[in-house]
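Here the structure is laid out as structure tokens; the discussion comes afterwards.
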Amino acid sequence: MDSHHMLQEIREQPQALGRILADTRPRIRAMVRAAWNTYHPSMFFLTGCGSSYYAAMIPAHYYTYSLGLNALALPSSEFVWYAPAPDGSSPILVSLSRSGRTSESVEAIRKARRVGMPSIAVTSDPASTMSEECDYSLDTGVTSEESVIMTKTFTGGALSVTLLGIEFSKAQGTNPIPQRFEDELGNLPEDMHRVVSAVDEQAKARAEAAKAKRFIYLGSGGNYASCLEGALKLRETSYAASECYHTMEFRHGPFAELEKGIQVISVAPKGKHAREQLALLKEIAATGANVLPISNEPTVTETFEDSIIMPESIGNELAPILYMAPLQLFAYYYAVKNGRNPDEPRNLTKFVTTEINSQT
């Protein structure tokens, strides 16, 4: 069973993140210096398709809430169809794609060029179409996966675009980077190694015991994007019905769906919102739905025996990247349990070519 590429690539994430911090980060610094000196961007459009769009949502959260940058994450196709003509905000496009050949993301760069907006392509292939047509090409340094499914390129892309934002924020000079952010970045590869080691067996046991007809994922802040990706991983590998909500939004309507046979997976790191999250999860459990928290908050994991317990020591800032590992592993083991090949999901290819017209 361990012969699947997807599992191997999930386990390679500590090394991939370490490579980005050691080797790619100096290239990011130089690129941002050049882009800042030329364009002084003050509005960041972060785009991607599928997993790459969700990966762009994580840094968009950081840009807005931690780094003092004006950012909007949106799917590449939406950028192509609706992106504004430049106004006085000096926008820049950051387009994320593992292959650098996904049609809508290529077209996003062409649209940016047509409206006079500079672009940065973030890919795993410096020889790709996007890398050649953009103003600045960032090769993350994470080699592309053998599996169709994105794992290490997802967390690697999210980290790379986050590091871009940190450098742009420093260049802008109006907001100091929170020290805890830098501290956690330094520990990230080691933390990811600890997470994968701690949760591998737990994720396997929970996935093999799962008997749900539907899965609902709940997360907030940057973890909402991770939960979107976790739900997508399950759909891609097992074709299971899965959906995702912002944690506290779930009460507003979707709560009506709950009944026995529904599995609710909640990313609930320790922190100031743990009490509200625990109260919600108890309400969910009272409907007969099964609750599976992924958490390092003891009040949560002690309440639900089906928890996936994350290491106590990992920080909160980079939770959206670290909590991806148990979400990926759960999807992997659930697919294998159901006799699927997670490396080769039906109807999917490594990148999508489709016709999309960006003429306005």
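By convention here, the chains of the structure tokens are called A, B, ... in the order presented, each chain's residues are numbered starting at 1, and ligands are numbered starting at 1 in the order presented.
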Within 10 Å of Glu184 in chain A, counting only C-alpha atoms, which residues show up once you throw out same-chain ones fewer than 6 positions away? Write them as a PyMOL selection string, please.
chain A and resi 190-191+314-319
Dump C-alpha atoms for the selected residues as a short mmCIF file (atom, residue, chain, number, x, y, z; two decimals), in the first residue's frame?
data_model
loop_
_atom_site.label_atom_id
_atom_site.label_comp_id
_atom_site.auth_asym_id
_atom_site.auth_seq_id
_atom_site.Cartn_x
_atom_site.Cartn_y
_atom_site.Cartn_z
CA GLU A 190 10.84 20.50 11.88
CA ASP A 191 7.23 21.14 12.91
CA ILE A 314 3.41 23.67 17.08
CA GLY A 315 2.49 27.33 16.71
CA ASN A 316 -0.75 28.79 15.43
CA GLU A 317 0.37 31.22 12.72
CA LEU A 318 1.31 28.53 10.22
CA ALA A 319 -1.49 26.11 11.19
#
Excluding Asp23 in chain A and any residue of its chain fewer than 4 positions from it, enumerate the residues within 12 Å of it, using only C-alpha atoms, and give them as a list in words.
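Once the nearby chain positions are removed, what remains is Gln15, Ala16, Leu17, Gly18, Arg19, Arg27, Ile28, Arg29, Leu138, Asp139, Thr140, Gly141, Val142 and Ser160 of chain A.
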What would the file look like if the residues just selected were written as a PDB file, in the first residue's frame with N, CA and C atoms?
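File produced: out_7.pdb:
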ATOM      1  N   GLN A  15      10.905  18.172   4.030  1.00  0.00           N
ATOM      2  CA  GLN A  15      12.094  18.487   3.226  1.00  0.00           C
ATOM      3  C   GLN A  15      11.769  19.568   2.193  1.00  0.00           C
ATOM      4  N   ALA A  16      10.578  19.474   1.570  1.00  0.00           N
ATOM      5  CA  ALA A  16      10.203  20.452   0.543  1.00  0.00           C
ATOM      6  C   ALA A  16      10.121  21.854   1.148  1.00  0.00           C
ATOM      7  N   LEU A  17       9.498  21.963   2.319  1.00  0.00           N
ATOM      8  CA  LEU A  17       9.376  23.277   2.976  1.00  0.00           C
ATOM      9  C   LEU A  17      10.753  23.787   3.397  1.00  0.00           C
ATOM     10  N   GLY A  18      11.600  22.883   3.856  1.00  0.00           N
ATOM     11  CA  GLY A  18      12.967  23.260   4.241  1.00  0.00           C
ATOM     12  C   GLY A  18      13.755  23.806   3.065  1.00  0.00           C
ATOM     13  N   ARG A  19      13.574  23.166   1.895  1.00  0.00           N
ATOM     14  CA  ARG A  19      14.275  23.639   0.683  1.00  0.00           C
ATOM     15  C   ARG A  19      13.821  25.035   0.311  1.00  0.00           C
ATOM     16  N   ARG A  27      16.053  33.834  -3.400  1.00  0.00           N
ATOM     17  CA  ARG A  27      15.611  34.244  -4.743  1.00  0.00           C
ATOM     18  C   ARG A  27      14.359  35.108  -4.657  1.00  0.00           C
ATOM     19  N   ILE A  28      13.495  34.795  -3.685  1.00  0.00           N
ATOM     20  CA  ILE A  28      12.281  35.596  -3.483  1.00  0.00           C
ATOM     21  C   ILE A  28      12.667  37.013  -3.061  1.00  0.00           C
ATOM     22  N   ARG A  29      13.640  37.136  -2.173  1.00  0.00           N
ATOM     23  CA  ARG A  29      14.079  38.470  -1.713  1.00  0.00           C
ATOM     24  C   ARG A  29      14.545  39.318  -2.893  1.00  0.00           C
ATOM     25  N   LEU A 138       8.973  32.650 -10.554  1.00  0.00           N
ATOM     26  CA  LEU A 138       9.471  32.033  -9.327  1.00  0.00           C
ATOM     27  C   LEU A 138       9.285  30.526  -9.406  1.00  0.00           C
ATOM     28  N   ASP A 139      10.399  29.809  -9.516  1.00  0.00           N
ATOM     29  CA  ASP A 139      10.386  28.347  -9.415  1.00  0.00           C
ATOM     30  C   ASP A 139      10.473  28.026  -7.926  1.00  0.00           C
ATOM     31  N   THR A 140       9.454  27.368  -7.391  1.00  0.00           N
ATOM     32  CA  THR A 140       9.435  27.127  -5.933  1.00  0.00           C
ATOM     33  C   THR A 140      10.590  26.232  -5.486  1.00  0.00           C
ATOM     34  N   GLY A 141      11.138  25.441  -6.411  1.00  0.00           N
ATOM     35  CA  GLY A 141      12.191  24.503  -6.019  1.00  0.00           C
ATOM     36  C   GLY A 141      11.629  23.185  -5.521  1.00  0.00           C
ATOM     37  N   VAL A 142      10.287  23.065  -5.467  1.00  0.00           N
ATOM     38  CA  VAL A 142       9.655  21.789  -5.097  1.00  0.00           C
ATOM     39  C   VAL A 142       9.357  21.053  -6.392  1.00  0.00           C
ATOM     40  N   SER A 160       5.614  29.600  -0.498  1.00  0.00           N
ATOM     41  CA  SER A 160       6.365  30.493  -1.397  1.00  0.00           C
ATOM     42  C   SER A 160       5.656  31.835  -1.559  1.00  0.00           C
TER      43      SER A 160
END
Which is closer to Leu292 in chain A than all the others in A:Ile309, A:Ala83, A:Ala212, A:Ile265, using only C-alpha atoms?
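Once distances to Leu292 in chain A are computed over only C-alpha atoms, the minimum belongs to A:Ile265.
The nearest approach to Gln202 in chain A among the residues A:Gly230, A:Gly156, A:Pro326, A:Pro118, with only C-alpha atoms taken into account, belongs to A:Pro326.
Closest approach to Lys170 in chain A from the set A:Leu232, A:Ala108, A:Ala207, A:Leu67 is made by A:Leu67, with distances taken over only C-alpha atoms.
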Mind the document's chain letters and residue numbers, and return as an MDAnalysis selection string the residues of range 27-64 of chain A that DSSP labels strand (DSSP E or B).
chainID A and resid 43:48
Proximity of range 114-191 of chain A to range 92-100 of chain A: per-residue shortest pair, 10 Å limit, only C-alpha atoms, as a Markdown table:
| residue | atom | partner | partner_atom | distance |
| --- | --- | --- | --- | --- |
| A:Gly116 | CA | A:Ile92 | CA | 9.5 |
| A:Met117 | CA | A:Ile92 | CA | 5.8 |
| A:Pro118 | CA | A:Ile92 | CA | 5.2 |
| A:Ser119 | CA | A:Leu93 | CA | 4.5 |
| A:Ile120 | CA | A:Val94 | CA | 4.7 |
| A:Ala121 | CA | A:Ser95 | CA | 5.0 |
| A:Val122 | CA | A:Leu96 | CA | 4.8 |
| A:Thr123 | CA | A:Arg98 | CA | 4.9 |
| A:Ser124 | CA | A:Arg98 | CA | 5.2 |
| A:Asp125 | CA | A:Ser99 | CA | 6.1 |
| A:Pro126 | CA | A:Gly100 | CA | 8.1 |
| A:Ala127 | CA | A:Gly100 | CA | 8.4 |
| A:Ser128 | CA | A:Gly100 | CA | 5.1 |
| A:Thr129 | CA | A:Gly100 | CA | 6.1 |
| A:Met130 | CA | A:Gly100 | CA | 5.0 |
| A:Ser131 | CA | A:Gly100 | CA | 6.6 |
| A:Glu132 | CA | A:Gly100 | CA | 9.3 |
| A:Cys134 | CA | A:Ser95 | CA | 9.2 |
| A:Asp135 | CA | A:Leu93 | CA | 9.8 |
| A:Tyr136 | CA | A:Val94 | CA | 9.3 |
| A:Ser137 | CA | A:Val94 | CA | 9.9 |
| A:Leu138 | CA | A:Leu96 | CA | 9.5 |
| A:Asp139 | CA | A:Arg98 | CA | 9.6 |
| A:Thr140 | CA | A:Arg98 | CA | 9.2 |
| A:Val142 | CA | A:Arg98 | CA | 9.2 |
| A:Thr143 | CA | A:Arg98 | CA | 9.1 |
| A:Ser144 | CA | A:Arg98 | CA | 6.7 |
| A:Glu145 | CA | A:Arg98 | CA | 8.8 |
| A:Met150 | CA | A:Arg98 | CA | 8.2 |
| A:Thr153 | CA | A:Arg98 | CA | 6.5 |
| A:Phe154 | CA | A:Arg98 | CA | 8.1 |
| A:Gly156 | CA | A:Arg98 | CA | 9.7 |
| A:Gly157 | CA | A:Leu96 | CA | 7.0 |
| A:Ala158 | CA | A:Leu96 | CA | 8.9 |
| A:Ser160 | CA | A:Leu96 | CA | 9.7 |
| A:Val161 | CA | A:Val94 | CA | 7.9 |
| A:Leu164 | CA | A:Val94 | CA | 9.4 |
For Thr237 in chain A, which residue among A:Arg340, A:Arg206, A:Lys152, A:His4 is the nearest when counting only C-alpha atoms?
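Nearest to Thr237 in chain A: A:Arg340.
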Counting only C-alpha atoms, which residue out of A:Ala112, A:Leu329, A:Ala30, A:Ala35 sits closest to Lys204 in chain A?
A:Leu329
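Between Asn338 in chain A and the candidates A:Tyr239, A:Gly219, A:Tyr62, A:Ala71, the tightest atom-to-atom separation, counting only C-alpha atoms, involves A:Tyr239.
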Work out how far apart CA of Gly68 in chain A and CA of Thr47 in chain A are and give it in Å to one decimal.
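Rounded to one decimal, the two atoms are 18.9 Å apart.
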Please return as a ChimeraX atom specification: the residues of range 74-284 of chain A that backbone DSSP assigns to helix (DSSP H, G or I).
/A:76-82,103-114,129-133,152-172,179-209,222-238,247-251,254-257,274-284
